[in-house]
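Next comes my_file-v5.tsv, a file with TSV, C-alpha atoms.
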```tsv
chain	number	residue	atom	x	y	z
A	1	MET	CA	35.75	6.79	20.13
A	2	VAL	CA	34.07	3.88	18.34
A	3	LYS	CA	30.33	4.39	17.97
A	4	GLN	CA	27.97	1.61	18.99
A	5	LYS	CA	26.68	-0.34	16.03
A	6	ASP	CA	22.94	-0.54	15.27
A	7	ASN	CA	22.34	2.29	17.75
A	8	LYS	CA	19.23	4.42	18.36
A	9	LYS	CA	20.05	6.69	15.42
A	10	VAL	CA	19.83	3.70	13.09
A	11	ILE	CA	16.47	2.74	14.60
A	12	TYR	CA	15.14	6.32	14.21
A	13	TRP	CA	16.34	6.31	10.60
A	14	LEU	CA	14.40	3.12	9.82
A	15	LEU	CA	11.27	4.30	11.64
A	16	THR	CA	11.43	7.63	9.78
A	17	GLY	CA	11.44	5.62	6.57
A	18	CYS	CA	8.33	3.76	7.78
A	19	VAL	CA	6.51	7.02	8.49
A	20	LEU	CA	7.43	8.43	5.07
A	21	ILE	CA	6.22	5.28	3.30
A	22	PHE	CA	2.96	5.56	5.25
A	23	ILE	CA	2.55	9.18	4.12
A	24	MET	CA	3.32	8.18	0.55
A	25	VAL	CA	0.67	5.45	0.63
A	26	VAL	CA	-1.92	7.94	1.93
A	27	VAL	CA	-1.05	10.50	-0.76
A	28	GLY	CA	-1.01	7.69	-3.32
A	29	GLY	CA	-4.53	6.74	-2.28
A	30	ILE	CA	-5.71	10.33	-2.70
A	31	THR	CA	-3.95	10.49	-6.07
A	32	ARG	CA	-5.77	7.38	-7.24
A	33	LEU	CA	-9.21	8.36	-5.90
A	34	THR	CA	-9.01	11.83	-7.46
A	35	ASP	CA	-7.90	10.40	-10.85
A	36	SER	CA	-4.67	12.39	-10.59
A	37	GLY	CA	-2.19	9.62	-11.38
A	38	LEU	CA	-1.83	10.31	-15.11
A	39	SER	CA	-1.56	14.09	-14.90
A	40	ILE	CA	2.24	14.18	-15.28
A	41	SER	CA	2.91	12.55	-18.62
A	42	ASN	CA	6.63	13.29	-18.91
A	43	TYR	CA	8.74	11.65	-16.18
A	44	LYS	CA	11.76	13.72	-15.11
A	45	LEU	CA	13.68	12.30	-12.17
A	46	ILE	CA	15.52	15.51	-11.18
A	47	THR	CA	13.88	18.51	-12.82
A	48	GLY	CA	10.41	17.02	-12.22
A	49	THR	CA	10.82	17.87	-8.54
A	50	ILE	CA	10.08	21.51	-9.35
A	51	PRO	CA	6.44	22.12	-10.41
A	52	PRO	CA	5.49	24.70	-13.08
A	53	LEU	CA	6.27	28.17	-11.72
A	54	ASN	CA	4.44	30.44	-14.16
A	55	GLU	CA	1.44	30.40	-16.48
A	56	ALA	CA	3.54	29.60	-19.54
A	57	GLN	CA	4.96	26.48	-17.88
A	58	TRP	CA	1.52	25.45	-16.66
A	59	GLN	CA	0.11	25.84	-20.16
A	60	GLU	CA	2.95	23.74	-21.57
A	61	GLU	CA	2.22	20.93	-19.07
A	62	PHE	CA	-1.51	21.14	-19.80
A	63	GLU	CA	-0.94	20.90	-23.54
A	64	LEU	CA	1.23	17.83	-23.00
A	65	TYR	CA	-1.53	16.26	-20.87
A	66	GLN	CA	-4.05	16.94	-23.65
A	67	GLN	CA	-2.11	14.60	-25.97
A	68	PHE	CA	-2.92	11.52	-23.90
A	69	PRO	CA	-6.02	9.28	-23.54
A	70	GLU	CA	-7.11	10.44	-20.08
A	71	TYR	CA	-7.75	13.97	-21.31
A	72	GLN	CA	-9.11	12.93	-24.70
A	73	LYS	CA	-11.54	10.29	-23.38
A	74	LEU	CA	-12.27	11.28	-19.78
A	75	HIS	CA	-11.19	14.80	-18.84
A	76	TYR	CA	-11.81	16.60	-22.16
A	77	HIS	CA	-13.88	19.19	-20.27
A	78	PHE	CA	-10.97	20.15	-17.98
A	79	THR	CA	-9.79	23.73	-17.74
A	80	LEU	CA	-6.26	24.69	-16.75
A	81	GLU	CA	-7.44	25.18	-13.14
A	82	ASP	CA	-8.93	21.67	-13.08
A	83	PHE	CA	-5.63	20.32	-14.36
A	84	LYS	CA	-3.67	22.11	-11.63
A	85	GLY	CA	-5.79	20.30	-9.01
A	86	ILE	CA	-4.95	16.78	-10.22
A	87	TYR	CA	-1.34	17.74	-11.05
A	88	PHE	CA	-0.73	18.69	-7.40
A	89	TRP	CA	-1.48	15.25	-5.98
A	90	GLU	CA	0.60	13.36	-8.53
A	91	TRP	CA	3.47	15.83	-8.12
A	92	LEU	CA	3.34	15.51	-4.32
A	93	HIS	CA	3.26	11.71	-4.58
A	94	ARG	CA	6.38	11.70	-6.76
A	95	VAL	CA	8.21	14.23	-4.58
A	96	ILE	CA	7.60	12.13	-1.47
A	97	GLY	CA	9.02	9.15	-3.37
A	98	ARG	CA	12.19	11.10	-4.08
A	99	VAL	CA	12.42	12.25	-0.45
A	100	ILE	CA	12.12	8.63	0.72
A	101	GLY	CA	14.98	7.69	-1.60
A	102	LEU	CA	17.20	10.42	-0.17
A	103	VAL	CA	16.22	9.63	3.43
A	104	PHE	CA	17.22	6.00	2.90
A	105	ILE	CA	20.39	6.47	0.84
A	106	ILE	CA	22.13	9.44	2.51
A	107	PRO	CA	21.94	8.17	6.14
A	108	PHE	CA	22.79	4.65	4.94
A	109	ILE	CA	26.03	5.93	3.40
A	110	TYR	CA	26.77	7.96	6.56
A	111	PHE	CA	26.18	4.97	8.86
A	112	LEU	CA	28.26	2.80	6.54
A	113	VAL	CA	31.20	5.21	6.47
A	114	THR	CA	31.09	5.77	10.24
A	115	LYS	CA	30.79	1.99	10.83
A	116	GLN	CA	27.54	2.20	12.82
A	117	LEU	CA	25.94	-0.83	11.13
A	118	THR	CA	26.53	-4.51	11.73
A	119	LYS	CA	27.03	-6.78	8.73
A	120	LYS	CA	23.51	-8.18	9.17
A	121	THR	CA	21.94	-4.73	9.15
A	122	ILE	CA	24.02	-3.70	6.12
A	123	LYS	CA	22.68	-6.67	4.16
A	124	LYS	CA	19.11	-5.98	5.27
A	125	SER	CA	19.46	-2.28	4.40
A	126	ILE	CA	20.69	-3.12	0.89
A	127	VAL	CA	17.58	-5.28	0.42
A	128	LEU	CA	15.43	-2.33	1.56
A	129	LEU	CA	17.16	-0.03	-0.93
A	130	ILE	CA	16.56	-2.53	-3.73
A	131	LEU	CA	12.88	-2.82	-2.73
A	132	GLY	CA	12.57	0.98	-2.70
A	133	GLY	CA	14.15	1.28	-6.15
A	134	PHE	CA	11.90	-1.48	-7.49
A	135	GLN	CA	8.88	0.32	-6.04
A	136	GLY	CA	9.84	3.48	-7.94
A	137	PHE	CA	10.24	1.49	-11.15
A	138	LEU	CA	6.80	-0.09	-10.67
A	139	GLY	CA	5.29	3.38	-10.26
A	140	TRP	CA	6.70	4.43	-13.63
A	141	TYR	CA	5.67	1.11	-15.19
A	142	MET	CA	2.14	1.53	-13.85
A	143	VAL	CA	1.70	5.08	-15.16
A	144	LYS	CA	3.06	4.04	-18.56
A	145	SER	CA	0.13	1.61	-18.98
A	146	GLY	CA	-2.35	4.52	-18.86
A	147	LEU	CA	-0.62	6.64	-21.51
A	148	VAL	CA	-1.12	4.36	-24.51
A	149	ASP	CA	-4.73	3.77	-25.55
A	150	ARG	CA	-6.84	3.79	-22.38
A	151	PRO	CA	-7.35	6.42	-19.67
A	152	ASP	CA	-6.69	4.00	-16.81
A	153	VAL	CA	-3.64	2.21	-15.52
A	154	SER	CA	-3.47	-1.59	-15.57
A	155	HIS	CA	-5.00	-2.97	-12.36
A	156	PHE	CA	-2.27	-5.63	-12.34
A	157	ARG	CA	0.44	-2.95	-12.34
A	158	LEU	CA	-1.45	-0.93	-9.74
A	159	ALA	CA	-1.61	-4.01	-7.51
A	160	ALA	CA	2.11	-4.65	-7.97
A	161	HIS	CA	2.92	-1.00	-7.16
A	162	LEU	CA	0.70	-0.83	-4.07
A	163	THR	CA	1.61	-4.26	-2.71
A	164	THR	CA	5.33	-3.56	-3.10
A	165	ALA	CA	4.88	-0.32	-1.14
A	166	PHE	CA	3.14	-2.23	1.67
A	167	LEU	CA	5.80	-4.95	1.71
A	168	THR	CA	8.66	-2.41	1.59
A	169	PHE	CA	7.12	-0.79	4.67
A	170	ALA	CA	6.72	-4.17	6.38
A	171	ALA	CA	10.33	-5.12	5.62
A	172	THR	CA	11.60	-1.76	6.94
A	173	LEU	CA	9.53	-2.14	10.10
A	174	TRP	CA	10.86	-5.68	10.54
A	175	VAL	CA	14.50	-4.51	10.35
A	176	ALA	CA	13.74	-1.76	12.89
A	177	LEU	CA	12.06	-4.29	15.19
A	178	ASP	CA	15.13	-6.54	14.94
A	179	LEU	CA	17.16	-3.68	16.45
A	180	ILE	CA	14.53	-2.62	19.00
A	181	PHE	CA	14.10	-6.21	20.27
A	182	PRO	CA	17.52	-7.90	19.85
A	183	GLN	CA	16.91	-10.49	22.57
A	184	LYS	CA	16.08	-14.07	21.59
A	185	LYS	CA	13.18	-16.03	23.10
A	186	GLN	CA	11.37	-19.35	22.92
A	187	VAL	CA	9.09	-19.67	19.91
A	188	ASP	CA	5.87	-21.66	19.62
A	189	LYS	CA	6.38	-22.83	16.03
A	190	LYS	CA	2.79	-23.99	15.55
A	191	PHE	CA	1.45	-20.56	16.51
A	192	ARG	CA	4.11	-18.78	14.44
A	193	ASN	CA	3.04	-20.81	11.41
A	194	LEU	CA	-0.59	-19.83	12.04
A	195	VAL	CA	0.43	-16.16	12.02
A	196	ILE	CA	2.37	-16.70	8.76
A	197	VAL	CA	-0.78	-18.15	7.17
A	198	GLY	CA	-2.74	-15.12	8.40
A	199	TYR	CA	-0.07	-12.83	7.00
A	200	LEU	CA	-0.20	-14.43	3.54
A	201	VAL	CA	-4.00	-14.31	3.47
A	202	LEU	CA	-3.92	-10.61	4.44
A	203	VAL	CA	-1.42	-9.83	1.66
A	204	LEU	CA	-3.69	-11.63	-0.84
A	205	GLN	CA	-6.62	-9.55	0.40
A	206	ILE	CA	-4.56	-6.37	-0.08
A	207	ILE	CA	-3.76	-7.44	-3.65
A	208	TYR	CA	-7.46	-7.91	-4.37
A	209	GLY	CA	-8.15	-4.54	-2.76
A	210	ALA	CA	-5.76	-3.05	-5.32
A	211	PHE	CA	-7.61	-4.93	-8.09
A	212	VAL	CA	-10.87	-3.41	-6.83
A	213	ALA	CA	-9.29	0.04	-6.88
A	214	GLY	CA	-7.74	-0.38	-10.33
A	215	LEU	CA	-10.99	-1.55	-11.92
A	216	LYS	CA	-13.16	0.85	-9.88
A	217	ALA	CA	-15.09	-2.21	-8.75
A	218	GLY	CA	-16.09	-0.45	-5.54
A	219	LEU	CA	-18.64	1.53	-7.57
A	220	LEU	CA	-20.60	-1.68	-8.26
A	221	HIS	CA	-22.94	-3.67	-5.98
A	222	ASN	CA	-23.15	-0.99	-3.30
A	223	HIS	CA	-25.08	-3.07	-0.79
A	224	TRP	CA	-24.18	-5.16	2.24
A	225	PRO	CA	-24.29	-7.96	3.38
A	226	PHE	CA	-25.69	-9.01	0.00
A	227	MET	CA	-24.83	-7.79	-3.47
A	228	ASN	CA	-27.61	-6.39	-5.71
A	229	GLU	CA	-31.07	-7.99	-5.70
A	230	GLY	CA	-30.53	-9.52	-2.27
A	231	LYS	CA	-28.06	-12.06	-3.62
A	232	PHE	CA	-24.89	-13.11	-1.82
A	233	MET	CA	-23.33	-13.72	-5.26
A	234	HIS	CA	-24.66	-11.63	-8.14
A	235	HIS	CA	-24.90	-13.32	-11.55
A	236	THR	CA	-22.38	-10.84	-13.03
A	237	VAL	CA	-19.68	-12.38	-10.82
A	238	TYR	CA	-19.21	-15.30	-13.22
A	239	ILE	CA	-20.18	-14.00	-16.68
A	240	LEU	CA	-16.73	-14.10	-18.32
A	241	GLU	CA	-15.34	-17.06	-20.26
A	242	PRO	CA	-13.06	-18.79	-19.54
A	243	PHE	CA	-14.05	-18.83	-15.88
A	244	TYR	CA	-10.62	-17.86	-14.47
A	245	LYS	CA	-10.99	-14.37	-16.01
A	246	ASN	CA	-13.70	-13.65	-13.45
A	247	LEU	CA	-11.05	-14.04	-10.76
A	248	ILE	CA	-8.63	-11.47	-12.20
A	249	GLU	CA	-10.43	-9.28	-14.77
A	250	ASN	CA	-14.15	-9.12	-14.00
A	251	PRO	CA	-14.91	-6.13	-11.68
A	252	SER	CA	-17.95	-7.91	-10.20
A	253	GLY	CA	-15.99	-11.10	-9.62
A	254	ILE	CA	-13.10	-9.25	-8.06
A	255	GLN	CA	-15.38	-7.29	-5.74
A	256	PHE	CA	-17.08	-10.54	-4.70
A	257	ILE	CA	-13.73	-12.15	-3.87
A	258	HIS	CA	-12.56	-9.08	-1.95
A	259	ARG	CA	-15.72	-8.70	0.11
A	260	THR	CA	-15.98	-12.46	0.78
A	261	PHE	CA	-12.29	-12.84	1.59
A	262	ALA	CA	-12.77	-10.17	4.27
A	263	TYR	CA	-14.71	-12.71	6.35
A	264	ILE	CA	-11.81	-15.14	6.05
A	265	VAL	CA	-9.33	-12.48	7.19
A	266	VAL	CA	-11.51	-11.64	10.21
A	267	ALA	CA	-11.94	-15.33	11.08
A	268	LEU	CA	-8.21	-16.05	10.81
A	269	ILE	CA	-7.25	-13.09	12.96
A	270	LEU	CA	-9.82	-14.12	15.58
A	271	VAL	CA	-8.23	-17.60	15.63
A	272	ILE	CA	-4.78	-15.99	15.97
A	273	TRP	CA	-6.04	-13.83	18.84
A	274	PHE	CA	-7.70	-16.70	20.72
A	275	GLN	CA	-4.75	-19.07	20.23
A	276	GLY	CA	-2.24	-16.37	21.13
A	277	LYS	CA	-4.06	-15.60	24.36
A	278	LYS	CA	-3.57	-19.21	25.45
A	279	LEU	CA	0.22	-18.85	25.33
A	280	PRO	CA	2.53	-17.28	27.93
A	281	ARG	CA	2.92	-13.71	26.68
A	282	THR	CA	5.10	-10.65	27.11
A	283	LYS	CA	3.73	-7.12	27.30
A	284	TYR	CA	4.49	-6.45	23.63
A	285	GLN	CA	3.00	-9.73	22.47
A	286	ASN	CA	-0.21	-8.72	24.22
A	287	ILE	CA	-0.14	-5.34	22.50
A	288	ALA	CA	0.43	-7.02	19.13
A	289	LEU	CA	-2.50	-9.43	19.55
A	290	ASP	CA	-4.92	-6.78	20.84
A	291	SER	CA	-4.01	-4.32	18.08
A	292	LEU	CA	-4.73	-7.05	15.50
A	293	PHE	CA	-8.08	-7.79	17.14
A	294	ILE	CA	-9.16	-4.13	17.15
A	295	LEU	CA	-7.83	-3.16	13.73
A	296	VAL	CA	-9.38	-6.06	11.82
A	297	PHE	CA	-12.86	-5.02	12.96
A	298	VAL	CA	-12.20	-1.35	12.25
A	299	GLN	CA	-10.99	-2.29	8.77
A	300	PHE	CA	-13.98	-4.54	8.15
A	301	VAL	CA	-16.42	-1.77	9.09
A	302	LEU	CA	-14.53	0.74	6.92
A	303	GLY	CA	-14.77	-1.70	4.01
A	304	VAL	CA	-18.53	-2.10	4.44
A	305	PHE	CA	-19.16	1.64	4.54
A	306	THR	CA	-16.80	2.24	1.61
A	307	ILE	CA	-18.95	-0.10	-0.50
A	308	ILE	CA	-22.30	1.23	0.75
A	309	TYR	CA	-21.38	4.88	0.12
A	310	GLN	CA	-19.70	4.17	-3.26
A	311	VAL	CA	-16.12	5.01	-2.29
A	312	PRO	CA	-16.15	8.66	-1.21
A	313	LEU	CA	-12.63	10.11	-1.04
A	314	TRP	CA	-12.27	10.14	2.74
A	315	LEU	CA	-13.61	6.60	3.18
A	316	GLY	CA	-11.50	5.23	0.34
A	317	VAL	CA	-8.37	6.72	1.92
A	318	ALA	CA	-9.40	5.56	5.41
A	319	HIS	CA	-9.92	2.01	4.13
A	320	GLN	CA	-6.44	2.01	2.55
A	321	VAL	CA	-4.93	3.38	5.76
A	322	GLY	CA	-6.78	0.66	7.67
A	323	ALA	CA	-5.18	-2.00	5.48
A	324	PHE	CA	-1.78	-0.41	6.08
A	325	LEU	CA	-2.23	-0.38	9.86
A	326	LEU	CA	-3.55	-3.94	9.86
A	327	LEU	CA	-0.49	-5.14	7.94
A	328	SER	CA	1.68	-3.22	10.44
A	329	ALA	CA	-0.02	-5.00	13.35
A	330	MET	CA	0.36	-8.37	11.60
A	331	THR	CA	4.06	-7.67	10.98
A	332	PHE	CA	4.53	-6.71	14.64
A	333	THR	CA	2.68	-9.84	15.77
A	334	LEU	CA	4.72	-12.13	13.53
A	335	HIS	CA	7.94	-10.52	14.73
A	336	ARG	CA	7.05	-10.77	18.41
A	337	PHE	CA	6.15	-14.45	18.10
A	338	SER	CA	9.04	-15.39	15.78
A	339	LYS	CA	12.27	-14.73	17.64
```

Now, as a test, write the supplied structure out as structure tokens.
Amino acid sequence: MVKQKDNKKVIYWLLTGCVLIFIMVVVGGITRLTDSGLSISNYKLITGTIPPLNEAQWQEEFELYQQFPEYQKLHYHFTLEDFKGIYFWEWLHRVIGRVIGLVFIIPFIYFLVTKQLTKKTIKKSIVLLILGGFQGFLGWYMVKSGLVDRPDVSHFRLAAHLTTAFLTFAATLWVALDLIFPQKKQVDKKFRNLVIVGYLVLVLQIIYGAFVAGLKAGLLHNHWPFMNEGKFMHHTVYILEPFYKNLIENPSGIQFIHRTFAYIVVALILVIWFQGKKLPRTKYQNIALDSLFILVFVQFVLGVFTIIYQVPLWLGVAHQVGAFLLLSAMTFTLHRFSK
């Protein structure tokens, strides 16, 4: 009997991938906020899946860690027990990455061999696999930047790593939605283009959120709605020369852009919601619009409290999860109003 192509099993496979990427982003956020990301200095694709199993192995890993800048300049007071705490989160983050790879590749080969995928879905799945592989490479590339002469990873590489994870999730969700909603419909191109603009602005805001995280800019100017000294723009925002460096390297400047851009994101999503409500809508289009409306305000409030309370672990993770869910809602909205 010939199996139906692009069936429910294929959809469940893609949605499982989405859930795993979500979990990986959460664990990645914890890894970053606990300064755990440079604890595993020697990358081993296969054998690195197994953590140290005895004290001798733990001591060997700790001694390797002591040879790098993070220990020498930042964590020189760490004991072996302290090291085990940060090692766990980085190890878990990497293991989840490997699991995602297996969950994508093995079922893909099975569906391919059993001819359960259409040509379109095969092409889309190959793109997803390439994105996943590139994401893994960026993780290695990011960590490498913190093992040379400074105890922090490059905020540019962190942004590339995080943004690629978000976009890989969005692309996977989009392919799943293509299979869940195969029917075609009339499209209001003007409104679709408005959602695309909102999507691009949100991605830019996520990139600047990663810049804030990479430079620990959330630990500065912990007031709202103004920055320090009751000023909307603190003088440290524009102290670097040439000026453009304030936009990509100055922690104060980057925080200012991120917190100010949040208003633009909220305004754009409100416009999308109001304009969308004027159109004839299906049940799922309504859900998409309302989820956007709710999540953007939740995310805004989380951002404000994250700044005010100087990025405690739970709020930092919640804010990252909020960004993830908001991008999910934006992806769902764009899909529902695009085809």

Checklist entry - With distances taken over all atoms listed in the file, which of A:Thr333, A:Thr306, A:Gln66, A:Ser125 is nearest to Ala176 of chain A? => result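 That would be A:Ser125, the residue with the smallest distance to Ala176 of chain A.
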
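Among the candidate residues A:Pro251, A:Ile21, A:Gln299, A:Val201, the one lying nearest to Thr164 of chain A is A:Ile21, with distances computed using all atoms listed in the file.
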
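With distances taken from (-7.2, 11.1, -21.0) and restricted to all atoms listed in the file, the residues inside 9 Å are Leu38, Ser39, Tyr65, Gln66, Gln67, Phe68, Pro69, Glu70, Tyr71, Gln72, Lys73, Leu74, His75, Tyr76, Gly146, Leu147, Asp149, Arg150, Pro151 and Asp152 of chain A.
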
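For the choices A:Gly136, A:Pro280, A:Gly97, A:Gly253, the atom-to-atom distance to His221 of chain A is smallest for A:Gly253 when using all atoms listed in the file.
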
Item to check | Pairwise distance for atom CA of Val237 of chain A and atom CA of Gly214 of chain A, rounded to one decimal in Å | outcome: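 Rounded to one decimal, the two atoms are 16.9 Å apart.
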
Checklist outcome for this item: For Phe78 of chain A, the closest of A:Phe166, A:Ala323, A:Glu63, A:Ile30 counting all atoms listed in the file is A:Glu63

Checklist entry - Hey, which of A:Val25, A:Trp89, A:Lys9, A:Ala171 ends up closest to Ser328 of chain A? Count all atoms listed in the file. => result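 Once distances to Ser328 of chain A are computed over all atoms listed in the file, the minimum belongs to A:Ala171.
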
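Shell of Ala159 of chain A at 8 Å, with only C-alpha atoms counted and residues fewer than 4 places along the chain excluded, is His155, Thr163, Ile207, Tyr208, Ala210, Phe211 and Gly214 of chain A.
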
Next on the checklist: I need every residue sitting at most 12 Å from the point (-4.4, 0.2, -9.4) (coordinates as in the file, all atoms listed in the file considered), written as a ChimeraX atom specification.
Outcome noted: /A:28-29,31-33,35,37-38,138-139,141-143,145-146,152-163,206-217

Next on the checklist: One number please: atom CA of Glu229 of chain A to atom CA of Val265 of chain A, in Å, one decimal.
Outcome noted: 25.7 Å

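Atom to atom, atom CA of Tyr12 of chain A and atom CA of Pro182 of chain A stand 15.5 Å apart.
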
Item to check | Residue nearest Leu289 of chain A - candidates A:Gly276, A:Gly198, A:Pro52, A:Pro242, atoms counted: all atoms listed in the file | outcome: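 The shortest atom-to-atom distance to Leu289 of chain A comes from A:Gly276.
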
Closest atom pairs, segment 192-265 of chain A residues within 12 Å of segment 307-310 of chain A, all atoms listed in the file, as a tab-separated table:
```
residue	atom	partner	partner_atom	distance
A:Gly209	CA	A:Ile307	CA	11.9
A:Val212	CA	A:Ile307	CA	10.8
A:Ala213	CA	A:Ile307	CA	11.6
A:Lys216	CA	A:Gln310	CA	9.9
A:Ala217	CA	A:Ile307	CA	9.3
A:Gly218	CA	A:Ile307	CA	5.8
A:Leu219	CA	A:Gln310	CA	5.2
A:Leu220	CA	A:Gln310	CA	7.7
A:His221	CA	A:Ile307	CA	7.7
A:Asn222	CA	A:Ile308	CA	4.7
A:His223	CA	A:Ile308	CA	5.3
A:Trp224	CA	A:Ile308	CA	6.8
A:Pro225	CA	A:Ile308	CA	9.8
A:Phe226	CA	A:Ile308	CA	10.8
A:Met227	CA	A:Ile307	CA	10.1
A:Asn228	CA	A:Ile308	CA	11.3
A:Gln255	CA	A:Ile307	CA	9.6
A:Phe256	CA	A:Ile307	CA	11.4
A:His258	CA	A:Ile307	CA	11.1
A:Arg259	CA	A:Ile307	CA	9.2
```
